[in-house]
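J.: Provided below: query-v1.csv, containing CSV, C-alpha atoms and all ligand atoms.
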chain,number,residue,atom,x,y,z
A,898,MET,CA,44.4,84.1,91.4
A,899,HIS,CA,47.7,83.6,89.4
A,900,ASP,CA,46.8,81.5,86.4
A,901,ALA,CA,49.9,82.6,84.5
A,902,LEU,CA,53.1,80.7,84.8
A,903,LEU,CA,55.1,83.8,85.5
A,904,SER,CA,53.4,86.9,86.8
A,905,ILE,CA,55.1,90.2,87.4
A,906,GLU,CA,52.9,92.7,89.3
A,907,GLY,CA,53.7,96.4,89.8
A,908,LEU,CA,57.5,95.8,89.7
A,909,THR,CA,59.9,98.6,90.5
A,910,VAL,CA,63.6,98.1,90.4
A,911,CYS,CA,66.1,100.9,91.1
A,912,TYR,CA,69.8,101.6,90.5
A,913,GLY,CA,70.4,103.9,93.3
A,914,ASP,CA,67.5,106.4,93.1
A,915,PHE,CA,66.9,105.7,89.4
A,916,PRO,CA,63.9,103.5,88.7
A,917,ALA,CA,65.0,101.4,85.7
A,918,VAL,CA,61.7,99.5,86.0
A,919,SER,CA,58.7,101.3,87.3
A,920,SER,CA,55.4,99.6,88.3
A,921,ALA,CA,55.8,97.2,85.5
A,922,SER,CA,53.3,94.3,85.1
A,923,LEU,CA,53.2,91.4,82.7
A,924,SER,CA,52.1,87.7,82.7
A,925,VAL,CA,53.7,84.8,80.8
A,926,ALA,CA,51.4,81.9,79.9
A,927,ALA,CA,52.5,78.4,80.6
A,928,GLU,CA,52.5,77.7,76.9
A,929,GLY,CA,53.6,79.7,73.9
A,930,VAL,CA,56.2,82.4,73.3
A,931,SER,CA,56.0,85.9,74.7
A,932,ALA,CA,58.1,88.7,73.5
A,933,LEU,CA,59.2,91.9,75.3
A,934,ILE,CA,60.2,94.8,73.1
A,935,GLY,CA,61.1,98.4,73.8
A,936,ALA,CA,63.8,101.0,73.0
A,937,ASN,CA,67.3,100.9,74.4
A,938,GLY,CA,67.2,101.6,78.1
A,939,ALA,CA,63.5,100.9,78.5
A,940,GLY,CA,64.2,98.4,81.3
A,941,LYS,CA,63.8,95.1,79.6
A,942,THR,CA,67.1,93.5,80.8
A,943,THR,CA,66.5,94.8,84.4
A,944,LEU,CA,63.0,93.3,84.4
A,945,LEU,CA,64.3,89.9,83.3
A,946,GLU,CA,67.2,90.0,85.7
A,947,ALA,CA,64.8,90.9,88.6
A,948,ALA,CA,62.6,87.9,87.7
A,949,ALA,CA,65.7,85.7,87.8
A,950,GLY,CA,66.5,87.0,91.3
A,951,LEU,CA,69.5,89.2,90.3
A,952,HIS,CA,68.0,92.5,91.6
A,953,ARG,CA,65.9,93.0,94.7
A,954,PRO,CA,62.8,94.9,93.7
A,955,LYS,CA,61.9,98.1,95.5
A,956,ALA,CA,58.2,97.4,95.1
A,957,GLY,CA,55.9,94.8,93.4
A,958,LYS,CA,55.7,91.1,93.4
A,959,ILE,CA,56.9,88.2,91.2
A,960,PHE,CA,54.9,85.0,91.1
A,961,PHE,CA,56.0,81.8,89.5
A,962,GLN,CA,53.7,78.8,89.3
A,963,GLY,CA,51.4,80.7,91.7
A,964,GLU,CA,54.1,81.1,94.4
A,965,ASP,CA,55.7,84.4,95.5
A,966,ILE,CA,59.3,84.3,94.4
A,967,THR,CA,60.0,87.9,95.1
A,968,GLY,CA,63.4,88.3,96.7
A,969,LEU,CA,64.4,84.6,96.5
A,970,PRO,CA,68.0,84.0,95.6
A,971,PRO,CA,68.8,83.2,91.9
A,972,GLU,CA,69.7,79.6,92.6
A,973,GLU,CA,66.4,78.9,94.3
A,974,ILE,CA,64.6,80.5,91.3
A,975,VAL,CA,66.5,78.2,88.9
A,976,ARG,CA,65.6,75.3,91.2
A,977,ARG,CA,62.0,76.1,90.8
A,978,GLY,CA,62.3,76.0,87.0
A,979,LEU,CA,62.8,79.7,85.9
A,980,CYS,CA,66.1,80.3,84.0
A,981,LEU,CA,67.6,83.4,82.4
A,982,VAL,CA,69.9,83.3,79.3
A,983,PRO,CA,71.7,86.6,79.6
A,984,GLN,CA,72.9,88.8,76.8
A,985,GLY,CA,76.1,87.9,75.0
A,986,GLY,CA,76.2,84.1,75.3
A,987,ARG,CA,78.3,84.2,78.4
A,988,CYS,CA,80.4,81.1,78.9
A,989,PHE,CA,83.4,80.1,81.0
A,990,PRO,CA,86.0,80.4,78.2
A,991,ARG,CA,88.6,78.0,79.5
A,992,MET,CA,86.1,75.2,80.4
A,993,SER,CA,85.0,72.8,77.7
A,994,VAL,CA,81.7,73.1,76.0
A,995,GLU,CA,80.4,70.0,77.9
A,996,ASP,CA,81.6,71.3,81.3
A,997,ASN,CA,79.8,74.6,80.5
A,998,LEU,CA,76.7,72.7,79.8
A,999,LEU,CA,77.0,70.6,82.9
A,1000,MET,CA,77.2,73.8,85.0
A,1001,GLY,CA,73.6,74.3,84.1
A,1002,SER,CA,72.5,71.0,85.8
A,1003,TYR,CA,73.8,71.8,89.3
A,1004,SER,CA,70.3,72.2,90.7
A,1005,PRO,CA,68.7,69.0,92.0
A,1006,ARG,CA,66.0,69.4,89.3
A,1007,GLY,CA,68.6,69.4,86.5
A,1008,ARG,CA,71.1,67.0,88.1
A,1009,LYS,CA,68.6,64.2,88.2
A,1010,ASN,CA,68.5,64.0,84.4
A,1011,ALA,CA,71.8,65.5,83.5
A,1012,ARG,CA,72.9,62.8,81.0
A,1013,GLN,CA,69.5,62.8,79.3
A,1014,SER,CA,69.4,66.6,79.2
A,1015,LEU,CA,72.9,66.6,77.6
A,1016,GLU,CA,71.7,64.3,74.9
A,1017,ARG,CA,68.8,66.6,74.3
A,1018,VAL,CA,71.0,69.7,74.0
A,1019,TYR,CA,73.3,67.9,71.6
A,1020,ALA,CA,70.3,66.7,69.5
A,1021,LEU,CA,69.1,70.3,69.4
A,1022,PHE,CA,72.5,71.8,68.7
A,1023,PRO,CA,74.6,69.1,66.8
A,1024,ALA,CA,77.4,71.7,66.4
A,1025,LEU,CA,78.0,71.5,70.2
A,1026,MET,CA,78.3,67.8,70.1
A,1027,GLN,CA,81.2,68.1,67.7
A,1028,LYS,CA,82.8,70.8,69.9
A,1029,ARG,CA,82.0,69.2,73.2
A,1030,LYS,CA,85.7,68.9,74.3
A,1031,ALA,CA,86.8,72.3,72.9
A,1032,PRO,CA,87.2,75.2,75.3
A,1033,ALA,CA,84.1,77.5,75.0
A,1034,GLY,CA,86.5,80.4,74.3
A,1035,SER,CA,87.3,78.9,70.9
A,1036,LEU,CA,83.7,78.9,69.7
A,1037,SER,CA,82.0,81.3,67.3
A,1038,GLY,CA,79.5,83.8,68.6
A,1039,GLY,CA,76.6,81.6,67.5
A,1040,GLN,CA,78.0,78.5,69.1
A,1041,ARG,CA,78.7,80.4,72.3
A,1042,GLN,CA,75.1,81.5,72.3
A,1043,MET,CA,74.0,77.9,71.7
A,1044,THR,CA,76.1,76.9,74.7
A,1045,ALA,CA,74.5,79.5,76.9
A,1046,ILE,CA,71.0,78.4,75.8
A,1047,GLY,CA,72.0,74.8,76.2
A,1048,ARG,CA,73.1,75.5,79.8
A,1049,ALA,CA,69.7,76.9,80.6
A,1050,PHE,CA,68.0,73.7,79.1
A,1051,MET,CA,70.2,71.6,81.4
A,1052,ALA,CA,68.3,72.9,84.4
A,1053,ASP,CA,65.2,71.4,83.0
A,1054,PRO,CA,63.3,74.7,83.1
A,1055,LYS,CA,59.6,75.3,82.9
A,1056,CYS,CA,60.2,78.9,81.6
A,1057,ILE,CA,63.2,80.5,80.0
A,1058,LEU,CA,63.9,84.2,79.8
A,1059,PHE,CA,66.0,85.0,76.7
A,1060,ASP,CA,67.7,88.4,76.7
A,1061,GLU,CA,68.5,89.5,73.1
A,1062,ILE,CA,70.1,86.3,72.1
A,1063,SER,CA,70.3,87.5,68.5
A,1064,LEU,CA,72.7,90.4,69.4
A,1065,GLY,CA,75.7,90.4,67.2
A,1066,LEU,CA,74.8,87.2,65.3
A,1067,ALA,CA,74.5,86.7,61.6
A,1068,PRO,CA,70.8,86.6,60.3
A,1069,VAL,CA,71.2,82.9,59.3
A,1070,VAL,CA,72.4,82.0,62.7
A,1071,ILE,CA,69.6,84.0,64.4
A,1072,HIS,CA,67.0,82.2,62.2
A,1073,ASP,CA,68.4,78.8,63.1
A,1074,LEU,CA,68.5,79.6,66.9
A,1075,TYR,CA,64.9,80.9,66.9
A,1076,GLU,CA,63.8,77.8,65.0
A,1077,ARG,CA,65.3,75.5,67.6
A,1078,ILE,CA,63.8,77.6,70.4
A,1079,GLN,CA,60.4,77.3,68.9
A,1080,THR,CA,60.9,73.5,68.7
A,1081,VAL,CA,61.7,73.4,72.4
A,1082,ASN,CA,58.7,75.5,73.2
A,1083,ALA,CA,56.4,73.3,71.2
A,1084,GLU,CA,57.8,69.9,72.0
A,1085,GLU,CA,58.8,70.3,75.6
A,1086,LYS,CA,56.2,72.8,76.7
A,1087,THR,CA,58.8,75.2,78.0
A,1088,ALA,CA,57.3,78.7,78.3
A,1089,ILE,CA,59.5,81.4,76.7
A,1090,LEU,CA,59.8,85.2,77.3
A,1091,LEU,CA,62.2,86.7,74.9
A,1092,VAL,CA,63.6,90.2,74.5
A,1093,GLU,CA,64.3,91.0,70.9
A,1094,GLN,CA,65.4,94.2,69.4
A,1095,ASP,CA,63.9,93.5,66.0
A,1096,THR,CA,60.2,94.3,66.5
A,1097,GLU,CA,59.0,92.6,63.4
A,1098,LYS,CA,60.9,89.4,64.3
A,1099,ALA,CA,59.5,89.6,67.8
A,1100,LEU,CA,56.0,89.8,66.6
A,1101,VAL,CA,56.3,86.9,64.2
A,1102,LEU,CA,58.0,84.7,66.7
A,1103,SER,CA,55.6,85.3,69.6
A,1104,ASP,CA,52.0,84.6,70.6
A,1105,THR,CA,51.9,87.5,73.0
A,1106,CYS,CA,53.9,90.7,72.9
A,1107,PHE,CA,54.7,93.3,75.6
A,1108,VAL,CA,56.0,96.8,74.9
A,1109,MET,CA,58.1,98.6,77.5
A,1110,LEU,CA,58.8,102.3,77.7
A,1111,LYS,CA,60.8,104.1,80.4
A,1112,GLY,CA,60.4,101.2,82.9
A,1113,SER,CA,56.8,100.5,82.4
A,1114,VAL,CA,54.8,98.0,80.3
A,1115,THR,CA,52.8,100.3,78.0
A,1116,LEU,CA,51.1,97.8,75.7
A,1117,SER,CA,50.4,94.0,75.8
A,1118,GLY,CA,48.3,91.7,73.7
A,1119,PRO,CA,48.2,88.9,71.1
A,1120,SER,CA,51.2,89.6,68.8
A,1121,GLY,CA,49.1,89.1,65.6
A,1122,LYS,CA,46.4,91.5,66.7
A,1123,LEU,CA,48.4,94.5,68.0
A,1124,ARG,CA,48.0,97.5,65.7
A,1125,PRO,CA,51.3,99.0,64.3
A,1126,GLU,CA,50.2,102.5,65.4
A,1127,ASP,CA,49.6,101.3,68.9
A,1128,ILE,CA,53.0,99.6,69.0
A,1129,ARG,CA,54.7,102.7,67.8
A,1130,SER,CA,53.0,104.9,70.3
A,1131,ALA,CA,53.7,102.4,73.2
A,1132,TYR,CA,57.3,102.0,72.1
A,1133,PHE,CA,58.2,105.7,71.5
A,1134,GLY,CA,55.6,107.4,73.7
A,1135,ILE,CA,54.4,109.6,70.9
B,1,LIG,P1,68.9,97.7,76.1
B,1,LIG,O1,68.0,97.3,75.0
B,1,LIG,O2,69.9,98.8,75.7
B,1,LIG,O3,69.6,96.5,76.6
B,1,LIG,P2,67.0,97.7,78.2
B,1,LIG,O4,65.6,98.0,77.8
B,1,LIG,O5,67.4,96.2,78.5
B,1,LIG,O6,68.1,98.3,77.3
B,1,LIG,P3,68.1,98.1,80.8
B,1,LIG,O7,69.5,97.6,80.4
B,1,LIG,O8,67.3,97.3,81.8
B,1,LIG,O9,67.3,98.5,79.5
B,1,LIG,O10,68.4,99.6,81.4
B,1,LIG,C1,67.3,100.4,82.0
B,1,LIG,C2,67.9,101.7,82.5
B,1,LIG,O11,68.7,101.4,83.6
B,1,LIG,C3,68.8,102.4,81.5
B,1,LIG,O12,68.5,103.8,81.6
B,1,LIG,C4,70.2,102.0,81.9
B,1,LIG,O13,71.1,103.1,81.6
B,1,LIG,C5,70.0,101.9,83.4
B,1,LIG,N1,70.9,100.9,83.9
B,1,LIG,C6,71.1,99.6,83.5
B,1,LIG,N2,72.0,99.0,84.3
B,1,LIG,C7,72.4,99.9,85.2
B,1,LIG,C8,73.4,99.8,86.2
B,1,LIG,N3,74.1,98.7,86.5
B,1,LIG,N4,73.6,100.9,87.0
B,1,LIG,C9,72.9,102.1,86.7
B,1,LIG,N5,72.0,102.2,85.7
B,1,LIG,C10,71.8,101.1,85.0
Please go through the file and, once you have read it, give me the structure as structure tokens.
Ligand code: ATP

T.:
Amino acid sequence: MHDALLSIEGLTVCYGDFPAVSSASLSVAAEGVSALIGANGAGKTTLLEAAAGLHRPKAGKIFFQGEDITGLPPEEIVRRGLCLVPQGGRCFPRMSVEDNLLMGSYSPRGRKNARQSLERVYALFPALMQKRKAPAGSLSGGQRQMTAIGRAFMADPKCILFDEISLGLAPVVIHDLYERIQTVNAEEKTAILLVEQDTEKALVLSDTCFVMLKGSVTLSGPSGKLRPEDIRSAYFGI
């Protein structure tokens, strides 16, 4: 039934009585990059966080690799290979870059290959290798974001959810980060669902695009084939 790697079906998530996500459905394929776009407050972050187990849905189901993961604790969801890179490149500022990265390999899945994963992260982000002993608090915004992304890679995930990783970064850094993410997607067959505020960038980067409006997914399809007028209407509701 559930051919997709990650399948979100009729998801509703509320803050108090307010439905931030309302009967939203989307499927992420095992390969390729999927993008989720929508205006501020459309519910993108809440949807990603719910998939990662950070909110208990009021209704709907979340399947990962064909198994129902709805309501499972976040650590169990990571253990199964689904990781979230939250907004803002959150790191433990007083811990070294390397210790921040190693925090990502606490799951049995990640722990098994921690050394190897660390080498992979350093190969992908050489800047982190140079800074590996430095406290994460001393890094630039881009390097902090790399550390947060690297931490997700350390768990050896099958699918990564990226929440607006480009927020507040310089265009050249954003370009570089996305290039590396595409490398991981292509070479390591890690599925990706990314939230990106720049619609054009999201469409160029992704194979499949989802548009959210007021908590619901209003449009989905191959990124190269969606018509601008349909995107506009799904995005703004006009
Ligand atoms: P943005 O692009 O601004 O990050 P978003 O599409 O990610 O927006 P969410 O952050 O998921 O949207 O927010 C969806 C709705 O839920 C918004 O109306 C927001 O104000 C509300 N919301 C988000 N977090 C909370 C919270 N902790 N408590 C109450 N309401 C919240």

J.: List as a ChimeraX atom specification the protein and nucleic acid residues lying within 9 Å of ligand LIG 1 (chain B), with all atoms listed in the file counted.

T.: /A:911-913,915-918,934-946,984,1060-1061,1092-1094,1109-1112

J.: Output C-alpha atoms for every residue in the selection just made, as a tab-separated table (two decimals), keeping the file's coordinate frame.

T.:
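Contents of out_38.tsv, as written:
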chain	number	residue	atom	x	y	z
A	911	CYS	CA	66.10	100.90	91.10
A	912	TYR	CA	69.80	101.60	90.50
A	913	GLY	CA	70.40	103.90	93.30
A	915	PHE	CA	66.90	105.70	89.40
A	916	PRO	CA	63.90	103.50	88.70
A	917	ALA	CA	65.00	101.40	85.70
A	918	VAL	CA	61.70	99.50	86.00
A	934	ILE	CA	60.20	94.80	73.10
A	935	GLY	CA	61.10	98.40	73.80
A	936	ALA	CA	63.80	101.00	73.00
A	937	ASN	CA	67.30	100.90	74.40
A	938	GLY	CA	67.20	101.60	78.10
A	939	ALA	CA	63.50	100.90	78.50
A	940	GLY	CA	64.20	98.40	81.30
A	941	LYS	CA	63.80	95.10	79.60
A	942	THR	CA	67.10	93.50	80.80
A	943	THR	CA	66.50	94.80	84.40
A	944	LEU	CA	63.00	93.30	84.40
A	945	LEU	CA	64.30	89.90	83.30
A	946	GLU	CA	67.20	90.00	85.70
A	984	GLN	CA	72.90	88.80	76.80
A	1060	ASP	CA	67.70	88.40	76.70
A	1061	GLU	CA	68.50	89.50	73.10
A	1092	VAL	CA	63.60	90.20	74.50
A	1093	GLU	CA	64.30	91.00	70.90
A	1094	GLN	CA	65.40	94.20	69.40
A	1109	MET	CA	58.10	98.60	77.50
A	1110	LEU	CA	58.80	102.30	77.70
A	1111	LYS	CA	60.80	104.10	80.40
A	1112	GLY	CA	60.40	101.20	82.90

J.: Give me, as a list in words, all polymer residues having an atom no more than 9 Å from segment 1082-1087 of chain A, counting only C-alpha atoms and skipping those fewer than 3 positions away in the same chain.

T.: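 With the cut-off at 9 Å, the set is Ala927, Glu928, Gly929, Val930, Asp1053, Pro1054, Lys1055, Cys1056, Ile1057, Arg1077, Ile1078 and Gln1079 of chain A.
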
J.: Name the residues in contact with segment 985-993 of chain A at a cut-off of 12 Å, using only C-alpha atoms, excluding same-chain residues fewer than 2 positions from it; report them as a ChimeraX atom specification.

T.: /A:981-983,995-1001,1025-1049,1059-1066

J.: For atom CA of Ser920 of chain A and atom CA of Thr1115 of chain A, quote the distance in Å rounded to one decimal.

T.: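 According to the coordinates, atom CA of Ser920 of chain A and atom CA of Thr1115 of chain A are separated by 10.6 Å.
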
J.: Between atom CA of Pro971 of chain A and atom CA of Gly907 of chain A, what is the distance in Å, rounded to a tenth?

T.: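 Computing it gives 20.2 Å between the two atoms.
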
J.: List every protein, DNA or RNA residue that has an atom no more than 6 Å from (53.3, 88.3, 90.2) in the file's coordinate frame, counting all atoms listed in the file, and report them as a VMD selection string.

T.: chain A and resid 904 to 906 958 to 960

J.: State, in Å with one decimal place, the distance from atom CA of Leu1116 of chain A to atom CA of Val975 of chain A.

T.: 28.2 Å

J.: Using all atoms listed in the file, pick whichever of A:Pro1068, A:Phe1107, A:Glu973, A:Ile1135 has the shortest atom-to-atom distance to Ser922 of chain A.

T.: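 Answer, going by the shortest atom-to-atom distance: A:Phe1107.
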
J.: Between A:Gln962, A:Ser1103, A:Asn1010, A:Thr967, which is the closest to Gly950 of chain A once you count all atoms listed in the file?

T.: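 Closest to Gly950 of chain A, using all atoms listed in the file: A:Thr967.
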
J.: Which neighbours of Lys955 of chain A fall inside 9 Å, counting all atoms listed in the file, when residues of the same chain fewer than 2 positions from it are skipped, and could you give them as JSON, numbers by chain?

T.: {"A": [908, 909, 910, 911, 916, 953, 957]}

J.: I'd like the contact shell of Ser1014 of chain A - 10 Å cut-off, only C-alpha atoms, skipping same-chain residues fewer than 2 positions apart - returned as number ranges by chain.

T.: A: 998-999, 1002, 1007-1012, 1016-1020, 1047-1048, 1050-1053

J.: Just checking: using only C-alpha atoms, which residue out of A:Ala1024, A:Ala947, A:Ala901, A:Leu933 ends up closest to Val1114 of chain A?

T.: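 Of A:Ala1024, A:Ala947, A:Ala901, A:Leu933, the one nearest Val1114 of chain A, counting only C-alpha atoms, is A:Leu933.
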
J.: Using only C-alpha atoms, which of A:Asp914, A:Ala949, A:Thr1105, A:Asp1073 sits nearest Leu969 of chain A?

T.: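 The shortest atom-to-atom distance to Leu969 of chain A comes from A:Ala949.
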
J.: Closest to Cys980 of chain A among A:Ala926, A:Ala1131, A:Leu1123, A:Leu951, using all atoms listed in the file?

T.: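 When distances to Cys980 of chain A are compared using all atoms listed in the file, the smallest one comes from A:Leu951.
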
J.: Find, counting only C-alpha atoms, the residue in A:Val925, A:Phe1022, A:Ser931, A:Arg1124 that gets nearest to Leu1091 of chain A.

T.: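 Residue with the minimum atom-to-atom distance to Leu1091 of chain A: A:Ser931.
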